[in-house]
file upload33.csv (CSV, C-alpha atoms and all ligand atoms)
chain,number,residue,atom,x,y,z
I,20,MET,CA,151.5,89.1,145.2
I,21,LYS,CA,153.4,89.7,142.0
I,22,VAL,CA,151.6,88.5,138.9
I,23,SER,CA,153.3,87.9,135.6
I,24,HIS,CA,152.0,89.7,132.4
I,25,ALA,CA,150.6,86.4,131.0
I,26,GLU,CA,149.0,85.5,134.3
I,27,SER,CA,147.5,88.9,134.6
I,28,TYR,CA,144.9,88.0,131.9
I,29,ARG,CA,143.6,85.2,134.2
I,30,ASP,CA,143.3,87.6,137.1
I,31,ASP,CA,139.7,88.9,137.1
I,32,GLY,CA,140.6,91.9,139.1
I,33,THR,CA,143.4,93.4,137.0
I,34,PRO,CA,142.8,96.4,134.7
I,35,ALA,CA,144.2,94.3,131.8
I,36,GLU,CA,141.7,91.5,132.4
I,37,GLN,CA,138.8,94.0,132.6
I,38,SER,CA,139.7,95.7,129.3
I,39,ARG,CA,140.1,92.2,127.7
I,40,ARG,CA,136.6,91.3,128.8
I,41,THR,CA,135.2,94.6,127.6
I,42,PHE,CA,136.8,94.0,124.2
I,43,MET,CA,135.3,90.5,124.1
I,44,VAL,CA,131.8,91.7,125.0
I,45,GLN,CA,131.9,94.5,122.4
I,46,ALA,CA,133.3,92.1,119.7
I,47,THR,CA,130.6,89.6,120.5
I,48,LEU,CA,127.8,92.2,120.3
I,49,ALA,CA,129.2,93.6,117.0
I,50,LEU,CA,129.4,90.1,115.5
I,51,GLY,CA,125.9,89.3,116.7
I,52,GLY,CA,124.6,92.5,115.2
I,53,VAL,CA,126.1,91.7,111.8
I,54,ILE,CA,124.7,88.2,111.9
I,55,GLY,CA,121.3,89.4,113.1
I,56,LEU,CA,121.2,92.0,110.3
I,57,GLY,CA,122.1,89.3,107.8
I,58,ILE,CA,119.2,87.2,109.0
I,59,ALA,CA,116.7,90.1,109.4
I,60,ILE,CA,117.1,91.6,105.9
I,61,PRO,CA,115.9,88.4,104.0
I,62,VAL,CA,113.1,87.8,106.6
I,63,VAL,CA,111.8,91.4,106.3
I,64,THR,CA,112.2,91.3,102.5
I,65,SER,CA,110.2,88.1,102.4
I,66,LEU,CA,107.3,89.7,104.3
I,67,VAL,CA,106.9,92.4,101.7
I,68,PRO,CA,104.4,91.3,99.0
I,69,SER,CA,106.0,91.5,95.6
I,70,ARG,CA,104.4,92.5,92.3
I,71,ASP,CA,105.0,88.8,91.3
I,72,ALA,CA,102.7,87.8,94.1
I,73,LEU,CA,100.0,90.2,92.8
I,74,ALA,CA,100.5,88.7,89.3
I,75,ALA,CA,100.0,85.1,90.6
I,76,LYS,CA,96.7,85.7,92.4
I,77,TRP,CA,94.3,86.5,89.6
I,78,SER,CA,91.1,84.6,89.8
I,79,PRO,CA,89.1,84.3,86.6
I,80,LEU,CA,85.3,84.9,86.8
I,81,SER,CA,83.2,82.1,85.4
I,82,ALA,CA,80.4,83.1,82.9
I,83,GLN,CA,77.9,82.9,85.8
I,84,GLU,CA,80.1,85.1,88.0
I,85,PHE,CA,80.6,87.6,85.3
I,86,ALA,CA,76.8,87.7,84.7
I,87,GLN,CA,76.5,88.7,88.4
I,88,LEU,CA,79.0,91.5,87.8
I,89,GLU,CA,77.1,92.8,84.8
I,90,LYS,CA,74.0,93.4,86.9
I,91,ALA,CA,75.9,96.1,88.9
I,92,THR,CA,74.5,99.6,88.4
I,93,GLN,CA,75.2,102.6,90.7
I,94,GLU,CA,73.4,100.3,93.1
I,95,PRO,CA,76.2,97.9,94.3
I,96,ILE,CA,75.9,94.2,93.7
I,97,LYS,CA,77.5,91.3,95.5
I,98,VAL,CA,79.7,89.1,93.2
I,99,SER,CA,80.7,85.7,94.4
I,100,PHE,CA,83.8,84.1,93.0
I,101,ALA,CA,86.5,81.5,93.8
I,102,VAL,CA,89.7,83.0,95.1
I,103,LYS,CA,92.7,81.3,93.5
I,104,ASP,CA,95.3,80.7,96.2
I,105,GLN,CA,98.8,80.0,94.9
I,106,ASP,CA,101.8,80.6,97.0
I,107,GLY,CA,104.5,78.6,95.2
I,108,TYR,CA,104.9,76.2,98.1
I,109,LEU,CA,101.5,74.4,98.4
I,110,PRO,CA,99.3,73.1,95.7
I,111,ALA,CA,96.9,75.6,94.2
I,112,ALA,CA,93.6,75.8,96.1
I,113,THR,CA,90.4,77.9,95.8
I,114,SER,CA,88.1,79.3,98.4
I,115,ASP,CA,84.7,80.9,98.0
I,116,GLU,CA,84.6,84.7,98.4
I,117,PHE,CA,82.5,87.7,97.4
I,118,VAL,CA,83.2,91.3,96.5
I,119,TRP,CA,81.0,94.3,96.0
I,120,ALA,CA,80.8,95.8,92.5
I,121,ILE,CA,79.3,99.1,91.2
I,122,ARG,CA,79.3,100.8,87.8
I,123,ALA,CA,81.2,104.1,87.9
I,124,ASP,CA,83.4,106.2,85.6
I,125,GLU,CA,86.9,107.3,86.4
I,126,ALA,CA,86.0,111.0,86.5
I,127,THR,CA,83.4,110.3,89.2
I,128,MET,CA,85.8,108.2,91.2
I,129,ARG,CA,88.5,110.8,90.9
I,130,ALA,CA,86.1,113.4,92.2
I,131,LYS,CA,84.8,111.4,95.1
I,132,ARG,CA,87.9,109.3,96.0
I,133,PRO,CA,90.8,111.5,95.0
I,134,LYS,CA,93.3,109.8,97.4
I,135,LEU,CA,93.0,106.5,95.5
I,136,PHE,CA,94.6,108.3,92.5
I,137,SER,CA,97.3,110.5,93.9
I,138,GLY,CA,99.4,110.9,97.1
I,139,PRO,CA,100.6,108.2,99.5
I,140,ASP,CA,97.3,106.4,99.5
I,141,LYS,CA,97.2,105.9,95.7
I,142,VAL,CA,96.6,102.3,94.6
I,143,ASP,CA,99.0,100.9,92.0
I,144,TYR,CA,96.2,99.4,89.8
I,145,PRO,CA,93.3,100.9,87.9
I,146,VAL,CA,90.4,101.8,90.3
I,147,VAL,CA,87.9,101.6,87.4
I,148,THR,CA,88.1,98.7,84.9
I,149,MET,CA,85.5,98.0,82.2
I,150,GLY,CA,83.3,100.6,83.9
I,151,PHE,CA,83.3,98.7,87.2
I,152,VAL,CA,84.7,99.4,90.6
I,153,ILE,CA,85.3,96.4,92.9
I,154,PHE,CA,85.3,96.8,96.7
I,155,SER,CA,86.8,94.4,99.2
I,156,PRO,CA,83.9,93.1,101.4
I,157,ILE,CA,86.1,93.6,104.5
I,158,CYS,CA,85.3,96.7,106.6
I,159,PRO,CA,88.5,98.8,106.9
I,160,HIS,CA,87.7,99.4,110.6
I,161,LEU,CA,88.2,96.0,112.2
I,162,GLY,CA,87.4,93.5,109.4
I,163,CYS,CA,83.7,92.7,109.7
I,164,ARG,CA,81.7,92.2,106.6
I,165,TYR,CA,79.6,95.2,105.8
I,166,ASP,CA,76.3,95.1,103.8
I,167,TRP,CA,74.5,97.2,101.3
I,168,ARG,CA,71.4,98.8,102.8
I,169,ALA,CA,69.3,99.9,99.8
I,170,GLU,CA,66.8,101.8,102.0
I,171,LEU,CA,69.7,104.0,103.3
I,172,HIS,CA,71.6,103.9,100.0
I,173,LYS,CA,74.7,103.2,102.1
I,174,PHE,CA,77.0,100.4,102.9
I,175,VAL,CA,76.6,99.8,106.7
I,176,CYS,CA,78.9,97.7,108.9
I,177,PRO,CA,76.9,95.8,111.6
I,178,CYS,CA,79.9,95.7,114.0
I,179,HIS,CA,80.5,99.3,115.0
I,180,GLY,CA,78.2,101.2,112.6
I,181,SER,CA,80.7,102.6,110.0
I,182,GLN,CA,78.9,103.8,106.9
I,183,TYR,CA,80.0,104.3,103.3
I,184,THR,CA,78.4,105.7,100.2
I,185,ASN,CA,78.0,103.4,97.1
I,186,LEU,CA,81.4,104.8,95.9
I,187,GLY,CA,83.0,103.7,99.2
I,188,VAL,CA,83.4,107.2,100.7
I,189,HIS,CA,83.4,106.9,104.5
I,190,THR,CA,80.6,108.9,106.0
I,191,ALA,CA,80.1,107.7,109.6
I,192,GLY,CA,81.4,105.5,112.3
I,193,PRO,CA,84.9,104.6,113.5
I,194,ALA,CA,86.6,103.5,110.3
I,195,GLN,CA,89.6,105.6,109.4
I,196,ARG,CA,89.3,105.4,105.6
I,197,GLY,CA,86.9,104.6,102.8
I,198,LEU,CA,86.3,101.1,101.3
I,199,ASP,CA,89.3,99.4,99.7
I,200,PRO,CA,89.1,98.9,95.9
I,201,LEU,CA,90.3,95.6,94.5
I,202,PRO,CA,91.9,95.1,91.0
I,203,LEU,CA,89.9,93.8,88.1
I,204,ARG,CA,91.2,93.1,84.7
I,205,GLU,CA,90.3,91.5,81.4
I,206,ARG,CA,92.4,88.7,79.9
I,207,SER,CA,91.4,87.0,76.6
I,208,GLY,CA,87.8,87.9,77.1
I,209,THR,CA,87.7,86.8,80.7
I,210,ALA,CA,87.4,89.1,83.7
I,211,GLU,CA,89.8,88.3,86.5
I,212,LEU,CA,89.9,89.6,90.1
I,213,THR,CA,92.7,89.8,92.7
I,214,TRP,CA,92.1,89.5,96.4
I,215,ILE,CA,94.2,91.8,98.5
I,216,GLN,CA,94.1,92.1,102.3
I,217,TYR,CA,94.7,95.5,103.7
I,218,GLU,CA,95.6,96.5,107.2
I,219,GLN,CA,92.6,97.4,109.3
I,220,ASP,CA,92.0,100.5,111.5
I,221,VAL,CA,94.6,102.7,109.9
I,222,ALA,CA,94.1,105.8,107.7
I,223,ASP,CA,96.5,104.7,105.0
I,224,ARG,CA,96.0,101.7,102.8
I,225,VAL,CA,98.7,99.2,103.7
I,226,VAL,CA,98.9,95.8,101.8
I,227,LEU,CA,99.1,92.8,104.2
I,228,SER,CA,98.8,90.0,101.7
I,229,TYR,CA,97.4,89.0,98.4
I,230,GLU,CA,95.4,86.1,99.7
I,231,ALA,CA,92.2,85.7,101.6
I,301,LIG,S1,84.4,96.5,111.8
I,301,LIG,FE1,83.1,97.7,110.6
I,301,LIG,S2,82.7,99.4,111.8
I,301,LIG,FE2,84.0,98.2,113.0

call {"tool": "encode", "arguments": {"input": "upload33.csv", "output": "structure tokens"}}
result
Amino acid sequence: MKVSHAESYRDDGTPAEQSRRTFMVQATLALGGVIGLGIAIPVVTSLVPSRDALAAKWSPLSAQEFAQLEKATQEPIKVSFAVKDQDGYLPAATSDEFVWAIRADEATMRAKRPKLFSGPDKVDYPVVTMGFVIFSPICPHLGCRYDWRAELHKFVCPCHGSQYTNLGVHTAGPAQRGLDPLPLRERSGTAELTWIQYEQDVADRVVLSYEA
């Protein structure tokens, strides 16, 4: 049967109709890709913690909490404090947390934990502040809370047995890196801490969030 040029676009079997459909499919995919990219970029960007987020999360230590910190020697001490949680959407809230603190100088930390100071695993805040190093209480293996075992002079994680020295050097067990330091700073005579959650079970230190 003879088909006119206009009618040939409605005929599924003709080469003209097939090429039109191919064009439409490709155009739809291309448009979808552009729209998807437009949506994906802001979403991905919003997942990356900003330095502003870091700035918003400082939790001041009360006089009592600071007194705990001052008891730290080369023997670590547990410091309880209230994490200030402010995300810009919900009202500010606090939750109780603790960190581990030791006294150490920067030269010692540079010698024992050189990756914290240079290379891809470098942290972008001072490791030593006011003569203290603060460690996140979260085991970098799978997130259990480790404890200080004075008789072994080691931090020991009860879950899978990872061990760390008082300076956070990984010495045994399945963890892939040493203990994660947290930022400490002094503002108007008050010590302030920031809580950072790092990715677990990876060798590099990857920030997941700035809240508990
Ligand atoms: S969670 Fe600490 S060793 Fe596994």

call {"tool": "residues_near_point", "arguments": {"input": "upload33.csv", "point": "(88.1, 76.2, 94.4)", "cutoff": "8 Å", "atoms": "all atoms listed in the file", "output": "ChimeraX atom specification"}}
result
/I:101-103,112-115

call {"tool": "write_last_selection", "arguments": {"input": "upload33.csv", "atoms": "C-alpha atoms", "output": "mmCIF file, in the coordinates of the input"}}
result
data_model
loop_
_atom_site.group_PDB
_atom_site.id
_atom_site.type_symbol
_atom_site.label_atom_id
_atom_site.label_comp_id
_atom_site.auth_asym_id
_atom_site.auth_seq_id
_atom_site.Cartn_x
_atom_site.Cartn_y
_atom_site.Cartn_z
ATOM 1 C CA ALA I 101 86.500 81.500 93.800
ATOM 2 C CA VAL I 102 89.700 83.000 95.100
ATOM 3 C CA LYS I 103 92.700 81.300 93.500
ATOM 4 C CA ALA I 112 93.600 75.800 96.100
ATOM 5 C CA THR I 113 90.400 77.900 95.800
ATOM 6 C CA SER I 114 88.100 79.300 98.400
ATOM 7 C CA ASP I 115 84.700 80.900 98.000
#

call {"tool": "residues_around", "arguments": {"input": "upload33.csv", "residues": "range 117-122 of chain I", "least_positions_apart": "6", "cutoff": "6 Å", "atoms": "all atoms listed in the file", "output": "compact mmCIF listing (two decimals) with C-alpha atoms, keeping the file's coordinate frame"}}
result
# COMPACT_ATOMS: atom_id res chain seq x y z
CA ALA I 91 75.90 96.10 88.90
CA THR I 92 74.50 99.60 88.40
CA GLN I 93 75.20 102.60 90.70
CA PRO I 95 76.20 97.90 94.30
CA ILE I 96 75.90 94.20 93.70
CA LYS I 97 77.50 91.30 95.50
CA VAL I 98 79.70 89.10 93.20
CA SER I 99 80.70 85.70 94.40
CA PHE I 100 83.80 84.10 93.00
CA GLY I 150 83.30 100.60 83.90
CA PHE I 151 83.30 98.70 87.20
CA VAL I 152 84.70 99.40 90.60
CA ILE I 153 85.30 96.40 92.90
CA PHE I 154 85.30 96.80 96.70
CA SER I 155 86.80 94.40 99.20
CA PRO I 156 83.90 93.10 101.40

call {"tool": "residues_near_ligand", "arguments": {"input": "upload33.csv", "ligand": "ligand LIG 301 (chain I)", "cutoff": "8 Å", "atoms": "all atoms listed in the file", "output": "compact mmCIF listing (two decimals) with C-alpha atoms, in the coordinates of the input"}}
result
# COMPACT_ATOMS: atom_id res chain seq x y z
CA ILE I 157 86.10 93.60 104.50
CA CYS I 158 85.30 96.70 106.60
CA PRO I 159 88.50 98.80 106.90
CA HIS I 160 87.70 99.40 110.60
CA LEU I 161 88.20 96.00 112.20
CA GLY I 162 87.40 93.50 109.40
CA CYS I 163 83.70 92.70 109.70
CA ARG I 164 81.70 92.20 106.60
CA TYR I 165 79.60 95.20 105.80
CA VAL I 175 76.60 99.80 106.70
CA CYS I 176 78.90 97.70 108.90
CA PRO I 177 76.90 95.80 111.60
CA CYS I 178 79.90 95.70 114.00
CA HIS I 179 80.50 99.30 115.00
CA GLY I 180 78.20 101.20 112.60
CA SER I 181 80.70 102.60 110.00
CA GLN I 182 78.90 103.80 106.90
CA GLY I 192 81.40 105.50 112.30
CA PRO I 193 84.90 104.60 113.50
CA ALA I 194 86.60 103.50 110.30

call {"tool": "atom_distance", "arguments": {"input": "upload33.csv", "atom1": "CA of Pro200 in chain I", "atom2": "CA of Gln83 in chain I"}}
result
22.0 Å

call {"tool": "atom_distance", "arguments": {"input": "upload33.csv", "atom1": "CA of Leu201 in chain I", "atom2": "CA of Ala169 in chain I"}}
result
22.1 Å

call {"tool": "axis_aligned_box", "arguments": {"input": "upload33.csv", "around": "range 166-169 of chain I", "padding_each_side": "4 Å", "output": "lines of an AutoDock Vina configuration file"}}
result
center_x = 72.8
center_y = 97.5
center_z = 101.8
size_x = 15.0
size_y = 12.8
size_z = 12.0

call {"tool": "atom_distance", "arguments": {"input": "upload33.csv", "atom1": "CA of Lys131 in chain I", "atom2": "CA of Leu227 in chain I"}}
result
25.2 Å

call {"tool": "closest_residue", "arguments": {"input": "upload33.csv", "among": "I:Leu198, I:Leu171, I:Ser137, I:Met149", "to": "Ala210 in chain I", "atoms": "only C-alpha atoms"}}
result
I:Met149

call {"tool": "closest_residue", "arguments": {"input": "upload33.csv", "among": "I:Thr148, I:Val142, I:Asp220, I:Thr184", "to": "Arg206 in chain I", "atoms": "all atoms listed in the file"}}
result
I:Thr148

call {"tool": "residues_around", "arguments": {"input": "upload33.csv", "residues": "Asp143 in chain I", "least_positions_apart": "4", "cutoff": "12 Å", "atoms": "all atoms listed in the file", "output": "PDB file with C-alpha atoms, keeping the file's coordinate frame"}}
result
ATOM      1  CA  ARG I  70     104.400  92.500  92.300  1.00  0.00           C
ATOM      2  CA  LEU I  73     100.000  90.200  92.800  1.00  0.00           C
ATOM      3  CA  LYS I 134      93.300 109.800  97.400  1.00  0.00           C
ATOM      4  CA  LEU I 135      93.000 106.500  95.500  1.00  0.00           C
ATOM      5  CA  PHE I 136      94.600 108.300  92.500  1.00  0.00           C
ATOM      6  CA  SER I 137      97.300 110.500  93.900  1.00  0.00           C
ATOM      7  CA  GLY I 138      99.400 110.900  97.100  1.00  0.00           C
ATOM      8  CA  PRO I 139     100.600 108.200  99.500  1.00  0.00           C
ATOM      9  CA  PRO I 200      89.100  98.900  95.900  1.00  0.00           C
ATOM     10  CA  LEU I 201      90.300  95.600  94.500  1.00  0.00           C
ATOM     11  CA  PRO I 202      91.900  95.100  91.000  1.00  0.00           C
ATOM     12  CA  ARG I 224      96.000 101.700 102.800  1.00  0.00           C
ATOM     13  CA  VAL I 225      98.700  99.200 103.700  1.00  0.00           C
ATOM     14  CA  VAL I 226      98.900  95.800 101.800  1.00  0.00           C
TER      15      VAL I 226
END

call {"tool": "closest_residue", "arguments": {"input": "upload33.csv", "among": "I:Glu125, I:Glu94, I:Glu170, I:Asp199", "to": "Trp214 in chain I", "atoms": "all atoms listed in the file"}}
result
I:Asp199

call {"tool": "closest_residue", "arguments": {"input": "upload33.csv", "among": "I:Ser207, I:Ser228, I:Thr213, I:Asn185", "to": "Thr127 in chain I", "atoms": "only C-alpha atoms"}}
result
I:Asn185

call {"tool": "closest_residue", "arguments": {"input": "upload33.csv", "among": "I:Asp166, I:Trp77, I:Tyr183, I:Asp140", "to": "Val221 in chain I", "atoms": "only C-alpha atoms"}}
result
I:Asp140
